[in-house]
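Enquirer: One structure, pasted below without further comment.
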Amino acid sequence: MAGDDRIAYDPQPRRPAWGVRVPRRKARSTQLPLLVAPPPPVVCISLAQGPGAPARPTVAAGQRVLCGEPIGEPAEAGLPRVHASISGRVTHVEPRLVAGLGVPVPCVVIRGAGDDERWPGYAPDPAADGRPSPELRDGIAAAGVLGLGGALFPTARKLATAAGTPVLLLNGAECEPYISCDDMLIRERADVVVAGARLLLAALGGLRCVIAVKTDMSEARVALYHAIQAAGDPRLVQSVVTGKYPAGGERQLIELVLGREVPAGGHPADAGVLCHNVATAAAVADFFQRGQPLISRIVTVTGGGVARPRNIEARIGTPVAELIALAGGYQDEPRRLIMGGPMMGVALATDELPMTGATNCLIAATGSDLDGTGVDHSGAEMPCIRCGDCVEACPASLLPLELLTAARTGNPGELTRLGVAECIECGACDYVCPSHIPLTRHFIAGKAALRRGHREDG
Ligand code: SF4
Ligand code: SF4
């Protein structure tokens with residue numbers, strides 16, 4: 001491995017041939033400043049956080065808990081601990097539905113006492129970035145930090161698996177239309193993101209951190225520039241990438257920022273890079289600088305169906321309906337409630353579900369939101385005309401039209417040969433398809449069938 005040239009990055013935004021330009025519609029949720037929501041009367045906190053076994057509850061119904069107190073211990077080392085996001089009394093420990101998951105998961109329900117009294121068990125650690133990497137990773141797991149980009153992958157485990165990887169790439173390039181929570185985080189708390197970047201770098205044992213934002217995030221870019229200057233740490237740099245979708249995909253961002261390709265079937269660490277989201281970095285800083293574990297996250301609440309779209313820092317487990325109310329309530333009869341962005345998000349059946357760490361955005365979508373943004377794929381499906389638009393759009397260099405045939409015929413050999421496992425389910429092919437073919441849906445089903453086949457063979 002060479003030295004600094006191995007970790008050089010290109011400060012000029014690259015212009016990828018792949019991807020699509022989607023209407024951004026982010027500005028409407030960045031007009032108002034970040035709202036720090038008061039603790040809600042009731043929270044329902046999922047103990048199933050990302051991949052891996054759910055945490056084991058350490059509280060029982062009737063027990064009083066303080067805000068930030070552990071309520072779930074990880075089933076395995078390296079998985080995150082779960083914390084009470086408000087102070088109050090536990091009313092239920094039972095399986096419940098939460099936003100974004102179709103099946104009930106173990107949850108702890110807490111009725112708030114209204115005092116927001118903090119658990120005194122964690123203290124700030126001003127000398128944290130000088131500590132050994134394994135010690136920092138233990139702290140990150142104890143803090144309950146997980147990938148806040150949406151995947152909820154346990155941060156400490158990801159760091160441990162890739163320990164010593166030279167480049168840390170912080171993803172602030174949220175490329176989905178409508179979502180602006182990372183933009184708002186950087187605008188208002190760039191210093192916290194930068195502090196988190198240094199802590200993550202220490203926990204990884206890396207050499208350099210590149211923080212990526214998009215060309216159209218001008219306020220965030222300026223704030224980040226000043227925060228990096230103020231930190232005076234030459235290991236930190238900012239990179240600006242195209243606004244094309246899906247520039248914020250992990251592999252796509254590595255390609256754009258570092259000019260490196262993650263090998264098929266490999267991991268970013270194989271290309272010398274580890275990616276984390278900027279909000280994850282901020283959560284790490286919150287723990288070591290303020291002694292605050294992961295009890296909240298920023299959620300973009302937007303769409304033509306809410307009166308005052310904005311970003312809200314909300315306690316984990318807050319009902320979606322409360323977040324809608326904090327954004328002024330419903331207006332104009334929304335036709336669909338979506339968690340996440342319009343390209344990769346999921347429709348919610350009800351606003352009574354509690355948010356999780358993965359809830360980065362809620363869109364109360366009206367008819368005008370659904371027109372031309374990729375939200376609505378319900379146009380009448382027609383035969384493929386082999387125009388090739390999906391091939392051009394695909395950021396993973398796949399042949400979606402060929403994959404479609406393989407998926408429709410359920411041919412596992414062809415699906416594998418055509419690389420369905422490399423599909424990131426971004427929906428760019430659906431977006432451009434003039435025949436309204438729901439390609440991504442077929443590929444998701446094809447991947448699931450392959451996984452089932454592997455399990456049965458194994
Ligand atoms: S974009 Fe749609 S119609 Fe065109 S080649 Fe791909 S699947 Fe066929
Ligand atoms: S094939 Fe997969 S990766 Fe390629 S554009 Fe379609 S959804 Fe995205």
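A note on labels: chains of the structure tokens are A, B, ... as shown, every chain counts residues from 1, and ligands are counted from 1 in their shown order.
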Would you kindly return, as a VMD selection string, each protein, DNA or RNA residue with an atom no farther than 10 Å from any atom of segment 315-325 of chain A, considering only C-alpha atoms and excluding same-chain residues fewer than 2 positions away?
Expert: chain A and resid 36 to 46 83 to 86 98 to 99 107 to 110 294 to 302 305 to 313 327 to 330 337 339 348 350 to 359 362 to 364
Enquirer: Write out, as a Markdown table, each residue of segment 229-280 of chain A that has an atom at most 9 Å from segment 393-407 of chain A, together with the closest pair of atoms and their distance in Å to one decimal, counting only C-alpha atoms, rows going by chain and rising number.
Expert:
| residue | atom | partner | partner_atom | distance |
| --- | --- | --- | --- | --- |
| A:Tyr245 | CA | A:Pro395 | CA | 8.9 |
| A:Pro246 | CA | A:Pro395 | CA | 7.3 |
| A:Ala247 | CA | A:Pro395 | CA | 8.6 |
| A:Gly249 | CA | A:Pro395 | CA | 8.9 |
| A:Arg251 | CA | A:Ala396 | CA | 8.5 |
| A:Gln252 | CA | A:Pro395 | CA | 6.9 |
Enquirer: Can I get the selection written as a PDB file, in the first residue's frame, with N, CA, C and O atoms?
Expert:
ATOM      1  N   TYR A 245     -28.957  11.352  -9.152  1.00  0.00           N
ATOM      2  CA  TYR A 245     -29.372  10.213  -8.332  1.00  0.00           C
ATOM      3  C   TYR A 245     -28.866   8.925  -8.979  1.00  0.00           C
ATOM      4  O   TYR A 245     -28.968   8.809 -10.201  1.00  0.00           O
ATOM      5  N   PRO A 246     -28.285   7.945  -8.285  1.00  0.00           N
ATOM      6  CA  PRO A 246     -28.078   7.863  -6.843  1.00  0.00           C
ATOM      7  C   PRO A 246     -26.611   8.081  -6.431  1.00  0.00           C
ATOM      8  O   PRO A 246     -25.920   7.147  -6.016  1.00  0.00           O
ATOM      9  N   ALA A 247     -26.147   9.338  -6.523  1.00  0.00           N
ATOM     10  CA  ALA A 247     -24.765   9.638  -6.172  1.00  0.00           C
ATOM     11  C   ALA A 247     -24.446   9.299  -4.717  1.00  0.00           C
ATOM     12  O   ALA A 247     -23.294   9.082  -4.357  1.00  0.00           O
ATOM     13  N   GLY A 249     -25.347   6.631  -3.119  1.00  0.00           N
ATOM     14  CA  GLY A 249     -25.179   5.186  -2.875  1.00  0.00           C
ATOM     15  C   GLY A 249     -23.727   4.919  -2.489  1.00  0.00           C
ATOM     16  O   GLY A 249     -22.818   5.600  -2.975  1.00  0.00           O
ATOM     17  N   ARG A 251     -21.388   2.584  -3.034  1.00  0.00           N
ATOM     18  CA  ARG A 251     -20.405   2.285  -4.085  1.00  0.00           C
ATOM     19  C   ARG A 251     -20.278   3.443  -5.073  1.00  0.00           C
ATOM     20  O   ARG A 251     -19.189   3.717  -5.586  1.00  0.00           O
ATOM     21  N   GLN A 252     -21.393   4.087  -5.339  1.00  0.00           N
ATOM     22  CA  GLN A 252     -21.370   5.198  -6.288  1.00  0.00           C
ATOM     23  C   GLN A 252     -20.560   6.362  -5.719  1.00  0.00           C
ATOM     24  O   GLN A 252     -19.795   7.007  -6.422  1.00  0.00           O
TER      25      GLN A 252
END
Enquirer: Could you work out how far atom CA of Cys423 of chain A lies from atom CA of Thr440 of chain A, giving the answer in Å with one decimal?
Expert: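 Value for the atom CA of Thr440 of chain A-atom CA of Cys423 of chain A distance: 8.6 Å.
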Enquirer: Under the rule of at most 6 Å, produce a per-residue listing of chain A near ligand 1: chain, number, name, the closest pair of atoms, and the distance in Å, as CSV, using only C-alpha atoms and all ligand atoms.
Expert:
residue,atom,partner,partner_atom_place_in_ligand_line,distance
A:Cys384,CA,ligand 1,8 (Fe),3.7
A:Ile385,CA,ligand 1,3 (S),4.4
A:Arg386,CA,ligand 1,5 (S),3.6
A:Cys387,CA,ligand 1,4 (Fe),4.0
A:Gly388,CA,ligand 1,5 (S),4.1
A:Asp389,CA,ligand 1,1 (S),4.5
A:Cys390,CA,ligand 1,1 (S),4.1
A:Leu401,CA,ligand 1,7 (S),4.6
A:Val432,CA,ligand 1,1 (S),5.9
A:Cys433,CA,ligand 1,1 (S),3.6
A:Pro434,CA,ligand 1,3 (S),5.6
A:Ser435,CA,ligand 1,3 (S),5.0
Enquirer: Please identify which residues in segment 11-182 of chain A DSSP calls alpha helix (DSSP H) from the backbone, and express them as a list in words.
Expert: Ser133, Pro134, Glu135, Leu136, Arg137, Asp138, Gly139, Ile140, Ala141, Ala142, Thr155, Ala156, Arg157, Lys158, Leu159, Ala160, Thr161, Cys181 and Asp182 of chain A
Enquirer: Write out, as a compact mmCIF listing (two decimals), in the first residue's frame, the residues just selected, with N, CA and C atoms.
Expert:
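Generated file (result.txt):
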# COMPACT_ATOMS: atom_id res chain seq x y z
N SER A 133 -8.38 2.40 19.66
CA SER A 133 -9.54 2.16 18.79
C SER A 133 -10.54 1.17 19.39
N PRO A 134 -10.10 0.02 19.94
CA PRO A 134 -11.09 -0.93 20.46
C PRO A 134 -11.93 -0.33 21.59
N GLU A 135 -11.29 0.53 22.41
CA GLU A 135 -12.02 1.16 23.52
C GLU A 135 -13.11 2.10 22.98
N LEU A 136 -12.75 2.82 21.92
CA LEU A 136 -13.73 3.73 21.31
C LEU A 136 -14.88 2.94 20.69
N ARG A 137 -14.54 1.83 20.06
CA ARG A 137 -15.61 1.03 19.43
C ARG A 137 -16.56 0.47 20.50
N ASP A 138 -16.00 0.08 21.64
CA ASP A 138 -16.86 -0.38 22.74
C ASP A 138 -17.81 0.73 23.17
N GLY A 139 -17.26 1.95 23.25
CA GLY A 139 -18.08 3.10 23.65
C GLY A 139 -19.19 3.35 22.64
N ILE A 140 -18.86 3.21 21.36
CA ILE A 140 -19.85 3.47 20.29
C ILE A 140 -20.98 2.43 20.36
N ALA A 141 -20.63 1.17 20.66
CA ALA A 141 -21.67 0.13 20.80
C ALA A 141 -22.52 0.41 22.04
N ALA A 142 -21.87 0.81 23.13
CA ALA A 142 -22.61 1.12 24.35
C ALA A 142 -23.55 2.29 24.15
N THR A 155 -22.69 0.39 14.05
CA THR A 155 -21.50 1.18 13.72
C THR A 155 -20.23 0.55 14.28
N ALA A 156 -20.28 0.10 15.53
CA ALA A 156 -19.07 -0.46 16.16
C ALA A 156 -18.61 -1.72 15.42
N ARG A 157 -19.56 -2.53 15.03
CA ARG A 157 -19.19 -3.77 14.33
C ARG A 157 -18.59 -3.46 12.95
N LYS A 158 -19.17 -2.49 12.28
CA LYS A 158 -18.66 -2.09 10.96
C LYS A 158 -17.22 -1.57 11.10
N LEU A 159 -16.97 -0.79 12.14
CA LEU A 159 -15.63 -0.26 12.38
C LEU A 159 -14.65 -1.39 12.68
N ALA A 160 -15.08 -2.34 13.50
CA ALA A 160 -14.19 -3.44 13.89
C ALA A 160 -13.85 -4.31 12.69
N THR A 161 -14.84 -4.57 11.85
CA THR A 161 -14.62 -5.43 10.68
C THR A 161 -13.62 -4.80 9.72
N CYS A 181 -32.44 15.90 5.74
CA CYS A 181 -32.03 15.85 7.15
C CYS A 181 -30.51 15.97 7.31
N ASP A 182 -29.74 15.39 6.39
CA ASP A 182 -28.29 15.51 6.50
C ASP A 182 -27.84 16.92 6.12
Enquirer: Using DSSP on the backbone coordinates, identify all residues within segment 134-217 of chain A classified as strand (DSSP E); present the result as a PyMOL selection string.
Expert: chain A and resi 167-171+208-214
Enquirer: Quick one: write out the picked residues with C-alpha atoms as a JSON list (two decimals), in the first residue's frame?
Expert:
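Contents of the output file again_7.json:
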[["chain", "number", "residue", "atom", "x", "y", "z"],
["A", 167, "VAL", "CA", -10.01, 6.18, 4.24],
["A", 168, "LEU", "CA", -13.15, 7.06, 6.12],
["A", 169, "LEU", "CA", -15.78, 8.42, 3.74],
["A", 170, "LEU", "CA", -18.58, 10.30, 5.44],
["A", 171, "ASN", "CA", -21.70, 10.37, 3.32],
["A", 208, "ARG", "CA", -7.91, 10.39, 6.29],
["A", 209, "CYS", "CA", -11.55, 11.35, 6.27],
["A", 210, "VAL", "CA", -13.39, 12.71, 3.26],
["A", 211, "ILE", "CA", -16.79, 14.27, 3.97],
["A", 212, "ALA", "CA", -18.94, 14.23, 0.85],
["A", 213, "VAL", "CA", -21.76, 16.65, 0.15],
["A", 214, "LYS", "CA", -23.60, 17.54, -3.04]]
Enquirer: What does the distance from atom CA of Gly248 of chain A to atom CA of Ala173 of chain A come to in Å, to one decimal?
Expert: 5.1 Å
Enquirer: What lies within 9 Å of segment 47-62 of chain A using only C-alpha atoms, ignoring chain neighbours under 3 positions off, as number ranges by chain?
Expert: A: 65, 70-76, 79-82, 89-93, 105-110, 146-147, 151-154, 356-358
Enquirer: Restricted to N, CA, C and O atoms, what would the selected residues look like written as a tab-separated table (two decimals), in the first residue's frame?
Expert:
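As a result, again_5.tsv now contains:
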chain	number	residue	atom	x	y	z
A	65	VAL	N	-38.03	4.59	34.23
A	65	VAL	CA	-36.75	4.75	33.54
A	65	VAL	C	-36.48	6.22	33.31
A	65	VAL	O	-37.40	7.04	33.23
A	70	PRO	N	-30.21	2.60	29.72
A	70	PRO	CA	-30.29	1.40	28.90
A	70	PRO	C	-31.58	0.61	29.19
A	70	PRO	O	-31.96	0.43	30.35
A	71	ILE	N	-32.24	0.17	28.11
A	71	ILE	CA	-33.44	-0.66	28.26
A	71	ILE	C	-33.31	-1.99	27.52
A	71	ILE	O	-34.18	-2.85	27.61
A	72	GLY	N	-32.22	-2.12	26.74
A	72	GLY	CA	-32.01	-3.36	26.00
A	72	GLY	C	-30.53	-3.62	25.83
A	72	GLY	O	-29.79	-2.71	25.43
A	73	GLU	N	-30.10	-4.82	26.20
A	73	GLU	CA	-28.68	-5.16	26.05
A	73	GLU	C	-28.51	-5.99	24.78
A	73	GLU	O	-29.35	-6.85	24.47
A	74	PRO	N	-27.42	-5.75	24.03
A	74	PRO	CA	-27.25	-6.47	22.77
A	74	PRO	C	-27.11	-7.97	22.98
A	74	PRO	O	-26.55	-8.43	23.98
A	75	ALA	N	-27.64	-8.71	21.99
A	75	ALA	CA	-27.57	-10.16	22.05
A	75	ALA	C	-26.16	-10.66	21.74
A	75	ALA	O	-25.79	-11.77	22.13
A	76	GLU	N	-25.39	-9.85	20.99
A	76	GLU	CA	-24.02	-10.23	20.63
A	76	GLU	C	-23.11	-9.02	20.80
A	76	GLU	O	-23.56	-7.89	20.67
A	79	LEU	N	-23.00	-5.30	18.81
A	79	LEU	CA	-24.32	-4.77	18.45
A	79	LEU	C	-24.66	-3.64	19.43
A	79	LEU	O	-24.14	-3.60	20.55
A	80	PRO	N	-25.54	-2.73	19.01
A	80	PRO	CA	-25.80	-1.56	19.86
A	80	PRO	C	-26.74	-1.84	21.03
A	80	PRO	O	-27.66	-2.65	20.93
A	81	ARG	N	-26.47	-1.16	22.12
A	81	ARG	CA	-27.37	-1.14	23.26
A	81	ARG	C	-28.56	-0.24	22.89
A	81	ARG	O	-28.44	0.66	22.05
A	82	VAL	N	-29.69	-0.45	23.54
A	82	VAL	CA	-30.88	0.37	23.26
A	82	VAL	C	-31.21	1.18	24.52
A	82	VAL	O	-31.10	0.66	25.64
A	89	ARG	N	-42.47	5.83	32.66
A	89	ARG	CA	-42.71	4.47	33.17
A	89	ARG	C	-42.95	3.52	32.01
A	89	ARG	O	-43.69	3.85	31.07
A	90	VAL	N	-42.32	2.36	32.07
A	90	VAL	CA	-42.52	1.35	31.04
A	90	VAL	C	-43.93	0.80	31.19
A	90	VAL	O	-44.35	0.40	32.29
A	91	THR	N	-44.67	0.80	30.08
A	91	THR	CA	-46.04	0.27	30.15
A	91	THR	C	-46.16	-1.11	29.49
A	91	THR	O	-47.00	-1.90	29.88
A	92	HIS	N	-45.35	-1.36	28.48
A	92	HIS	CA	-45.41	-2.65	27.79
A	92	HIS	C	-44.01	-3.05	27.32
A	92	HIS	O	-43.22	-2.19	26.92
A	93	VAL	N	-43.76	-4.33	27.34
A	93	VAL	CA	-42.59	-4.91	26.66
A	93	VAL	C	-43.17	-6.04	25.83
A	93	VAL	O	-43.50	-7.11	26.36
A	105	VAL	N	-42.07	-6.40	15.94
A	105	VAL	CA	-40.73	-6.65	16.51
A	105	VAL	C	-40.79	-6.33	18.01
A	105	VAL	O	-41.65	-5.55	18.45
A	106	PRO	N	-39.89	-6.92	18.80
A	106	PRO	CA	-39.91	-6.63	20.24
A	106	PRO	C	-39.72	-5.14	20.50
A	106	PRO	O	-38.82	-4.53	19.94
A	107	CYS	N	-40.56	-4.60	21.36
A	107	CYS	CA	-40.52	-3.16	21.63
A	107	CYS	C	-40.68	-2.89	23.12
A	107	CYS	O	-41.24	-3.72	23.86
A	108	VAL	N	-40.20	-1.73	23.53
A	108	VAL	CA	-40.45	-1.23	24.89
A	108	VAL	C	-41.27	0.05	24.75
A	108	VAL	O	-40.86	0.98	24.04
A	109	VAL	N	-42.43	0.09	25.39
A	109	VAL	CA	-43.29	1.28	25.34
A	109	VAL	C	-43.13	2.02	26.67
A	109	VAL	O	-43.21	1.42	27.75
A	110	ILE	N	-42.92	3.33	26.57
A	110	ILE	CA	-42.72	4.16	27.78
A	110	ILE	C	-43.71	5.31	27.75
A	110	ILE	O	-43.82	6.02	26.74
A	146	LEU	N	-25.91	3.41	15.50
A	146	LEU	CA	-26.00	2.58	14.31
A	146	LEU	C	-26.14	3.46	13.08
A	146	LEU	O	-26.27	4.68	13.18
A	147	GLY	N	-26.05	2.84	11.92
A	147	GLY	CA	-26.00	3.59	10.67
A	147	GLY	C	-27.27	4.38	10.42
A	147	GLY	O	-28.30	3.81	10.08
A	151	ALA	N	-29.67	2.20	6.87
A	151	ALA	CA	-29.44	0.75	6.92
A	151	ALA	C	-29.39	0.23	8.36
A	151	ALA	O	-29.58	-0.97	8.59
A	152	LEU	N	-29.12	1.09	9.31
A	152	LEU	CA	-29.05	0.72	10.73
A	152	LEU	C	-28.00	-0.35	11.00
A	152	LEU	O	-28.12	-1.11	11.96
A	153	PHE	N	-26.96	-0.41	10.18
A	153	PHE	CA	-25.91	-1.39	10.44
A	153	PHE	C	-25.15	-0.94	11.70
A	153	PHE	O	-24.87	0.23	11.88
A	154	PRO	N	-24.85	-1.89	12.62
A	154	PRO	CA	-24.20	-1.49	13.87
A	154	PRO	C	-22.84	-0.84	13.61
A	154	PRO	O	-21.95	-1.46	13.01
A	356	THR	N	-38.28	4.97	13.89
A	356	THR	CA	-37.09	4.27	14.39
A	356	THR	C	-35.85	5.07	14.00
A	356	THR	O	-35.97	6.14	13.38
A	357	GLY	N	-34.70	4.53	14.27
A	357	GLY	CA	-33.46	5.20	13.85
A	357	GLY	C	-33.35	5.28	12.34
A	357	GLY	O	-32.58	6.08	11.81
A	358	ALA	N	-34.11	4.46	11.63
A	358	ALA	CA	-34.04	4.46	10.16
A	358	ALA	C	-34.97	5.49	9.53
A	358	ALA	O	-34.96	5.68	8.33
Enquirer: Measuring atom to atom with only C-alpha atoms, identify which of A:Met217, A:Leu207, A:Leu35, A:Ala283 is nearest to Ala143 of chain A.
Expert: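 Looking at the shortest contact to Ala143 of chain A, the residue is A:Ala283.
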